[in-house]
file data-v5.txt (compact mmCIF, C-alpha atoms)
# COMPACT_ATOMS: atom_id res chain seq x y z
CA MET A 4 4.90 25.01 -1.50
CA ASN A 5 2.87 26.27 -4.47
CA SER A 6 4.71 23.87 -6.76
CA PHE A 7 4.09 20.96 -4.38
CA VAL A 8 0.37 21.73 -4.22
CA ALA A 9 0.10 22.08 -8.00
CA ILE A 10 1.75 18.70 -8.66
CA TYR A 11 -0.23 17.11 -5.81
CA ARG A 12 -3.55 18.27 -7.26
CA LEU A 13 -2.58 17.21 -10.77
CA VAL A 14 -1.74 13.65 -9.68
CA LEU A 15 -4.71 13.45 -7.33
CA LYS A 16 -7.12 14.31 -10.13
CA HIS A 17 -5.89 11.37 -12.21
CA GLN A 18 -5.89 8.83 -9.38
CA LEU A 19 -9.64 8.45 -9.08
CA THR A 20 -10.59 6.56 -12.23
CA ARG A 21 -13.78 4.59 -12.72
CA ALA A 22 -11.91 1.27 -12.95
CA ARG A 23 -10.14 1.87 -9.65
CA ILE A 24 -13.34 2.87 -7.89
CA ILE A 25 -15.01 -0.31 -9.17
CA LEU A 26 -12.03 -2.37 -7.94
CA VAL A 27 -12.30 -0.87 -4.45
CA GLY A 28 -16.05 -1.52 -4.49
CA ILE A 29 -15.55 -5.18 -5.41
CA ALA A 30 -12.84 -5.60 -2.76
CA THR A 31 -15.14 -4.02 -0.16
CA ALA A 32 -18.06 -6.28 -1.04
CA VAL A 33 -15.91 -9.41 -0.90
CA ALA A 34 -14.25 -8.41 2.38
CA ALA A 35 -17.58 -7.54 3.99
CA PHE A 36 -19.11 -10.83 2.87
CA VAL A 37 -16.20 -12.84 4.25
CA GLY A 38 -16.36 -10.88 7.51
CA PHE A 39 -20.06 -11.63 7.76
CA LEU A 40 -19.35 -15.35 7.36
CA PHE A 41 -16.96 -15.17 10.33
CA ARG A 42 -19.58 -13.62 12.60
CA ASN A 43 -20.76 -16.91 14.10
CA ASP A 44 -17.43 -18.77 14.03
CA PHE A 45 -16.23 -20.37 17.24
CA ASP A 46 -12.98 -18.43 16.83
CA ALA A 47 -14.31 -15.43 14.93
CA THR A 48 -11.45 -13.14 15.94
CA GLY A 49 -8.80 -15.63 14.85
CA SER A 50 -10.53 -16.24 11.53
CA LEU A 51 -10.87 -12.53 10.86
CA VAL A 52 -7.26 -11.74 11.77
CA THR A 53 -6.01 -14.54 9.52
CA PHE A 54 -8.14 -13.22 6.65
CA ILE A 55 -6.93 -9.64 7.16
CA SER A 56 -3.31 -10.81 7.36
CA VAL A 57 -3.34 -13.13 4.34
CA ALA A 58 -5.95 -11.71 1.96
CA GLY A 59 -5.90 -8.11 3.14
CA LEU A 60 -2.32 -7.21 3.99
CA GLY A 61 -0.93 -9.84 1.63
CA LEU A 62 -3.10 -9.33 -1.44
CA ILE A 63 -5.81 -6.64 -1.52
CA ILE A 64 -3.76 -3.83 0.01
CA PRO A 65 -0.55 -4.32 -2.02
CA VAL A 66 -2.47 -4.71 -5.30
CA ILE A 67 -4.47 -1.51 -4.76
CA SER A 68 -1.29 0.27 -3.63
CA LEU A 69 0.49 -0.99 -6.75
CA LEU A 70 -2.18 0.37 -9.06
CA LEU A 71 -2.23 3.77 -7.38
CA GLY A 72 1.45 4.14 -6.55
CA SER A 73 2.90 2.97 -9.85
CA GLY A 74 0.59 5.26 -11.79
CA ALA A 75 1.45 8.41 -9.84
CA MET A 76 4.50 9.16 -12.00
CA GLY A 77 4.61 5.97 -14.03
CA ASP A 78 1.74 7.08 -16.25
CA TRP A 79 3.77 10.12 -17.30
CA TYR A 80 6.80 7.94 -17.86
CA ASN A 81 4.96 5.36 -19.96
CA ASP A 82 3.10 7.80 -22.21
CA GLU A 83 6.19 10.04 -22.48
CA THR A 84 4.50 13.13 -21.06
CA LEU A 85 6.90 13.44 -18.12
CA VAL A 86 8.84 16.02 -20.13
CA TYR A 87 5.94 18.47 -19.75
CA VAL A 88 6.32 18.38 -15.98
CA TRP A 89 9.95 19.41 -16.52
CA LEU A 90 8.76 22.60 -18.24
CA ARG A 91 7.78 23.92 -14.82
CA PRO A 92 10.66 25.35 -12.76
CA VAL A 93 10.12 22.77 -10.04
CA ARG A 94 12.72 20.72 -8.18
CA ARG A 95 12.32 17.10 -9.12
CA SER A 96 12.41 16.02 -5.49
CA ILE A 97 9.26 18.10 -5.00
CA VAL A 98 7.62 16.39 -7.98
CA ALA A 99 8.37 12.97 -6.45
CA ALA A 100 7.16 13.94 -2.99
CA ALA A 101 3.95 15.53 -4.27
CA ALA A 102 3.11 12.67 -6.63
CA ILE A 103 3.65 9.98 -4.01
CA ALA A 104 1.75 12.03 -1.42
CA ALA A 105 -1.22 12.24 -3.79
CA ALA A 106 -1.12 8.48 -4.39
CA ILE A 107 -1.00 7.82 -0.64
CA THR A 108 -3.93 10.19 -0.07
CA VAL A 109 -6.09 7.99 -2.29
CA ALA A 110 -4.54 4.64 -1.34
CA ILE A 111 -5.16 4.91 2.42
CA PRO A 112 -8.98 5.25 2.22
CA ALA A 113 -9.09 2.85 -0.74
CA ASN A 114 -7.42 0.18 1.40
CA LEU A 115 -9.13 1.06 4.67
CA ILE A 116 -12.68 0.76 3.31
CA PRO A 117 -12.50 -2.99 2.50
CA MET A 118 -10.58 -3.86 5.68
CA VAL A 119 -12.86 -1.88 7.99
CA ALA A 120 -15.90 -3.35 6.22
CA ALA A 121 -14.65 -6.86 7.02
CA VAL A 122 -14.16 -6.02 10.71
CA ILE A 123 -17.53 -4.32 11.07
CA ALA A 124 -19.35 -7.13 9.25
CA SER A 125 -17.76 -9.69 11.58
CA GLN A 126 -18.83 -7.69 14.66
CA GLN A 127 -15.41 -7.81 16.26
CA THR A 128 -13.99 -5.75 19.11
CA SER A 129 -12.56 -2.24 18.89
CA ALA A 130 -9.08 -3.75 19.35
CA ALA A 131 -9.49 -5.66 16.08
CA LEU A 132 -10.75 -2.51 14.37
CA TRP A 133 -7.93 -0.24 15.50
CA GLY A 134 -5.32 -2.92 14.91
CA THR A 135 -6.62 -3.33 11.37
CA VAL A 136 -6.66 0.42 10.77
CA LEU A 137 -3.10 0.96 12.01
CA ALA A 138 -1.73 -2.06 10.14
CA THR A 139 -3.47 -0.97 6.94
CA VAL A 140 -2.16 2.60 7.15
CA MET A 141 1.42 1.53 7.85
CA VAL A 142 1.71 -0.99 5.02
CA THR A 143 -0.16 1.29 2.62
CA LEU A 144 2.38 4.06 3.19
CA ALA A 145 5.31 1.75 2.47
CA TYR A 146 3.75 -0.12 -0.46
CA THR A 147 2.48 3.00 -2.23
CA ALA A 148 5.76 4.86 -1.91
CA ALA A 149 7.78 1.83 -3.03
CA PHE A 150 5.52 1.25 -6.02
CA GLY A 151 5.66 4.97 -6.81
CA LEU A 152 9.42 4.55 -7.17
CA LEU A 153 8.92 1.39 -9.24
CA GLY A 154 6.71 3.33 -11.65
CA ILE A 155 9.65 5.43 -12.81
CA LEU A 156 12.24 2.66 -12.69
CA VAL A 157 10.62 0.43 -15.31
CA ARG A 158 8.30 1.02 -18.24
CA LYS A 159 5.78 -1.65 -17.24
CA PRO A 160 5.59 -1.58 -13.43
CA LEU A 161 2.44 -3.68 -13.01
CA PRO A 162 3.97 -7.05 -14.03
CA PHE A 163 7.04 -6.42 -11.87
CA GLY A 164 4.90 -5.32 -8.95
CA LEU A 165 2.64 -8.34 -9.19
CA ILE A 166 5.63 -10.67 -9.32
CA TYR A 167 6.95 -9.04 -6.17
CA ILE A 168 3.59 -9.33 -4.40
CA PHE A 169 2.83 -12.93 -5.30
CA VAL A 170 6.32 -14.41 -5.36
CA TRP A 171 8.13 -12.55 -2.59
CA GLU A 172 5.43 -11.23 -0.24
CA PHE A 173 2.96 -14.08 -0.60
CA PHE A 174 5.27 -17.10 -0.77
CA ILE A 175 9.00 -16.66 -0.18
CA SER A 176 8.81 -14.32 2.81
CA ARG A 177 6.13 -16.46 4.46
CA GLY A 178 8.19 -19.61 4.10
CA ALA A 179 11.55 -18.25 5.22
CA PRO A 180 11.71 -16.61 8.68
CA GLY A 181 14.73 -14.52 7.74
CA ALA A 182 13.11 -13.26 4.56
CA ALA A 183 10.05 -12.12 6.52
CA ARG A 184 12.08 -9.23 7.90
CA LEU A 185 12.28 -7.86 4.37
CA SER A 186 8.52 -8.13 3.88
CA ILE A 187 6.39 -5.02 4.34
CA ASN A 188 3.43 -7.32 4.95
CA SER A 189 5.01 -8.82 8.06
CA TYR A 190 5.15 -5.46 9.84
CA GLY A 191 1.43 -4.92 9.35
CA ALA A 192 0.72 -8.49 10.46
CA SER A 193 2.75 -7.86 13.62
CA ILE A 194 0.66 -4.79 14.45
CA LEU A 195 -2.54 -6.77 13.92
CA SER A 196 -1.34 -9.75 15.93
CA ARG A 197 -0.24 -7.59 18.87
CA ALA A 198 -3.50 -5.62 18.91
CA THR A 199 -5.74 -8.70 18.89
CA ASP A 200 -3.56 -11.21 20.79
CA VAL A 201 -3.93 -13.63 17.88
CA ALA A 202 -0.73 -15.51 17.07
CA LEU A 203 0.43 -15.30 13.46
CA ASP A 204 3.48 -17.20 12.21
CA PHE A 205 4.32 -14.32 9.91
CA ALA A 206 4.18 -11.68 12.67
CA GLY A 207 7.40 -11.56 14.62
CA ARG A 208 8.58 -7.98 14.24
CA ALA A 209 9.51 -5.84 17.25
CA GLU A 210 6.95 -3.24 18.33
CA TRP A 211 9.19 -0.28 17.47
CA ALA A 212 9.89 -1.74 14.03
CA THR A 213 6.22 -2.07 13.08
CA THR A 214 6.01 1.70 12.61
CA ALA A 215 9.66 2.69 12.12
CA VAL A 216 10.34 0.34 9.20
CA PRO A 217 7.25 1.21 7.08
CA LEU A 218 7.87 4.93 7.68
CA GLY A 219 11.53 4.45 6.81
CA VAL A 220 10.65 2.64 3.59
CA THR A 221 8.29 5.49 2.69
CA VAL A 222 10.88 8.20 3.23
CA ILE A 223 13.65 6.30 1.42
CA ALA A 224 11.37 5.57 -1.55
CA VAL A 225 10.47 9.25 -1.88
CA LEU A 226 14.13 10.28 -1.71
CA LEU A 227 15.18 7.67 -4.29
CA ALA A 228 12.31 8.72 -6.56
CA GLY A 229 13.62 12.27 -6.43
CA VAL A 230 17.11 11.07 -7.35
CA ARG A 231 15.70 8.93 -10.15
CA LEU A 232 13.78 11.87 -11.62
CA GLN A 233 16.87 14.03 -11.39
CA ARG A 234 18.91 11.53 -13.42
CA MET A 235 16.26 10.52 -15.94
CA ASP A 236 16.48 11.49 -19.58
CA VAL A 237 12.92 12.30 -20.65
CA ALA A 238 13.64 14.48 -23.65
call {"tool": "encode", "arguments": {"input": "data-v5.txt", "output": "structure tokens"}}
result
Amino acid sequence: MNSFVAIYRLVLKHQLTRARIILVGIATAVAAFVGFLFRNDFDATGSLVTFISVAGLGLIIPVISLLLGSGAMGDWYNDETLVYVWLRPVRRSIVAAAAIAAAITVAIPANLIPMVAAVIASQQTSAALWGTVLATVMVTLAYTAAFGLLGILVRKPLPFGLIYIFVWEFFISRGAPGAARLSINSYGASILSRATDVALDFAGRAEWATTAVPLGVTVIAVLLAGVRLQRMDVA
């Protein structure tokens, strides 16, 4: 437990950079402004839910999760300082779990702030608020863990992560019903759609799957990250 806490604190300290804080601030301002514009719409709830689903779950949340998740261990990998972590007598599975946990700790509030700001600015119901919160938390868990694994699979995770977000999540999975099942985004959209009773073409996942699949992706990504660290040559 002491080793977990030490790694967790080390990663957590490096997650909160000025550039990332500014990015979250910009995302919050944009989301709040868009939410304010929806306030007097005839179908304000529908407009807000569509915005949260497309721009929030499909763009803002995965990009922020990519930046935080991929840097949790990827920064060590890229600047070749990962070897110094090995000097501690710590199981590498613990390193992976602690690093991803630290990234998730920062990613959840970083993603919630813009999404909640949009809902509050649009003056929507509590159902829209709680649906947005639950959807954001679920997809943030899965995205951050998956991108944490990506950070130690490739040297430059950001380009690969952005390709995944824009090509797969934003286009292919939205255009092919079968592919949507392999989209993390669709599980969050399903939570949001069910909570607000707003139909979304992209949201067709079963209720049990909307929590089970993101949690499953999170656990599997952490386990695979531990295996990857165990097999890496960082000398």
call {"tool": "residues_near_point", "arguments": {"input": "data-v5.txt", "point": "(4.8, 18.2, -6.2)", "cutoff": "9 Å", "atoms": "all atoms listed in the file", "output": "list in words"}}
result
Met4, Asn5, Ser6, Phe7, Val8, Ala9, Ile10, Tyr11, Arg12, Leu13, Val14, Val93, Arg94, Arg95, Ser96, Ile97, Val98, Ala99, Ala100, Ala101, Ala102, Ile103, Ala104 and Ala105 of chain A
call {"tool": "residues_around", "arguments": {"input": "data-v5.txt", "residues": "stretch 163-169 of chain A", "least_positions_apart": "2", "cutoff": "9 Å", "atoms": "all atoms listed in the file", "output": "list of chain:residue names"}}
result
A:Gly61, A:Leu62, A:Pro65, A:Val66, A:Leu69, A:Ser73, A:Phe150, A:Leu153, A:Val157, A:Lys159, A:Pro160, A:Leu161, A:Trp171, A:Glu172, A:Phe173, A:Phe174, A:Ile175
call {"tool": "write_last_selection", "arguments": {"input": "data-v5.txt", "atoms": "C-alpha atoms", "output": "short mmCIF file (atom, residue, chain, number, x, y, z; two decimals), keeping the file's coordinate frame"}}
result
data_model
loop_
_atom_site.label_atom_id
_atom_site.label_comp_id
_atom_site.auth_asym_id
_atom_site.auth_seq_id
_atom_site.Cartn_x
_atom_site.Cartn_y
_atom_site.Cartn_z
CA GLY A 61 -0.93 -9.84 1.63
CA LEU A 62 -3.10 -9.33 -1.44
CA PRO A 65 -0.55 -4.32 -2.02
CA VAL A 66 -2.47 -4.71 -5.30
CA LEU A 69 0.49 -0.99 -6.75
CA SER A 73 2.90 2.97 -9.85
CA PHE A 150 5.52 1.25 -6.02
CA LEU A 153 8.92 1.39 -9.24
CA VAL A 157 10.62 0.43 -15.31
CA LYS A 159 5.78 -1.65 -17.24
CA PRO A 160 5.59 -1.58 -13.43
CA LEU A 161 2.44 -3.68 -13.01
CA TRP A 171 8.13 -12.55 -2.59
CA GLU A 172 5.43 -11.23 -0.24
CA PHE A 173 2.96 -14.08 -0.60
CA PHE A 174 5.27 -17.10 -0.77
CA ILE A 175 9.00 -16.66 -0.18
#
call {"tool": "closest_atom_pairs", "arguments": {"input": "data-v5.txt", "of": "stretch 190-231 of chain A", "to": "stretch 122-130 of chain A", "cutoff": "12 Å", "atoms": "only C-alpha atoms", "output": "JSON lines"}}
result
{"residue": "A:Ile194", "atom": "CA", "partner": "A:Ala130", "partner_atom": "CA", "distance": 11.0}
{"residue": "A:Leu195", "atom": "CA", "partner": "A:Ala130", "partner_atom": "CA", "distance": 9.0}
{"residue": "A:Ser196", "atom": "CA", "partner": "A:Ala130", "partner_atom": "CA", "distance": 10.4}
{"residue": "A:Arg197", "atom": "CA", "partner": "A:Ala130", "partner_atom": "CA", "distance": 9.6}
{"residue": "A:Ala198", "atom": "CA", "partner": "A:Ala130", "partner_atom": "CA", "distance": 5.9}
{"residue": "A:Thr199", "atom": "CA", "partner": "A:Ala130", "partner_atom": "CA", "distance": 6.0}
{"residue": "A:Asp200", "atom": "CA", "partner": "A:Ala130", "partner_atom": "CA", "distance": 9.4}
{"residue": "A:Val201", "atom": "CA", "partner": "A:Ala130", "partner_atom": "CA", "distance": 11.2}
call {"tool": "residues_around", "arguments": {"input": "data-v5.txt", "residues": "stretch 206-222 of chain A", "least_positions_apart": "3", "cutoff": "9 Å", "atoms": "only C-alpha atoms", "output": "mmCIF file with C-alpha atoms, in the frame of the given file"}}
result
data_model
loop_
_atom_site.group_PDB
_atom_site.id
_atom_site.type_symbol
_atom_site.label_atom_id
_atom_site.label_comp_id
_atom_site.auth_asym_id
_atom_site.auth_seq_id
_atom_site.Cartn_x
_atom_site.Cartn_y
_atom_site.Cartn_z
ATOM 1 C CA ALA A 138 -1.730 -2.060 10.140
ATOM 2 C CA MET A 141 1.420 1.530 7.850
ATOM 3 C CA VAL A 142 1.710 -0.990 5.020
ATOM 4 C CA THR A 143 -0.160 1.290 2.620
ATOM 5 C CA LEU A 144 2.380 4.060 3.190
ATOM 6 C CA ALA A 145 5.310 1.750 2.470
ATOM 7 C CA TYR A 146 3.750 -0.120 -0.460
ATOM 8 C CA THR A 147 2.480 3.000 -2.230
ATOM 9 C CA ALA A 148 5.760 4.860 -1.910
ATOM 10 C CA ALA A 149 7.780 1.830 -3.030
ATOM 11 C CA PRO A 180 11.710 -16.610 8.680
ATOM 12 C CA ALA A 183 10.050 -12.120 6.520
ATOM 13 C CA ARG A 184 12.080 -9.230 7.900
ATOM 14 C CA ILE A 187 6.390 -5.020 4.340
ATOM 15 C CA ASN A 188 3.430 -7.320 4.950
ATOM 16 C CA SER A 189 5.010 -8.820 8.060
ATOM 17 C CA TYR A 190 5.150 -5.460 9.840
ATOM 18 C CA GLY A 191 1.430 -4.920 9.350
ATOM 19 C CA ALA A 192 0.720 -8.490 10.460
ATOM 20 C CA SER A 193 2.750 -7.860 13.620
ATOM 21 C CA ILE A 194 0.660 -4.790 14.450
ATOM 22 C CA LEU A 195 -2.540 -6.770 13.920
ATOM 23 C CA SER A 196 -1.340 -9.750 15.930
ATOM 24 C CA ARG A 197 -0.240 -7.590 18.870
ATOM 25 C CA ALA A 202 -0.730 -15.510 17.070
ATOM 26 C CA LEU A 203 0.430 -15.300 13.460
ATOM 27 C CA VAL A 225 10.470 9.250 -1.880
ATOM 28 C CA LEU A 226 14.130 10.280 -1.710
ATOM 29 C CA LEU A 227 15.180 7.670 -4.290
#
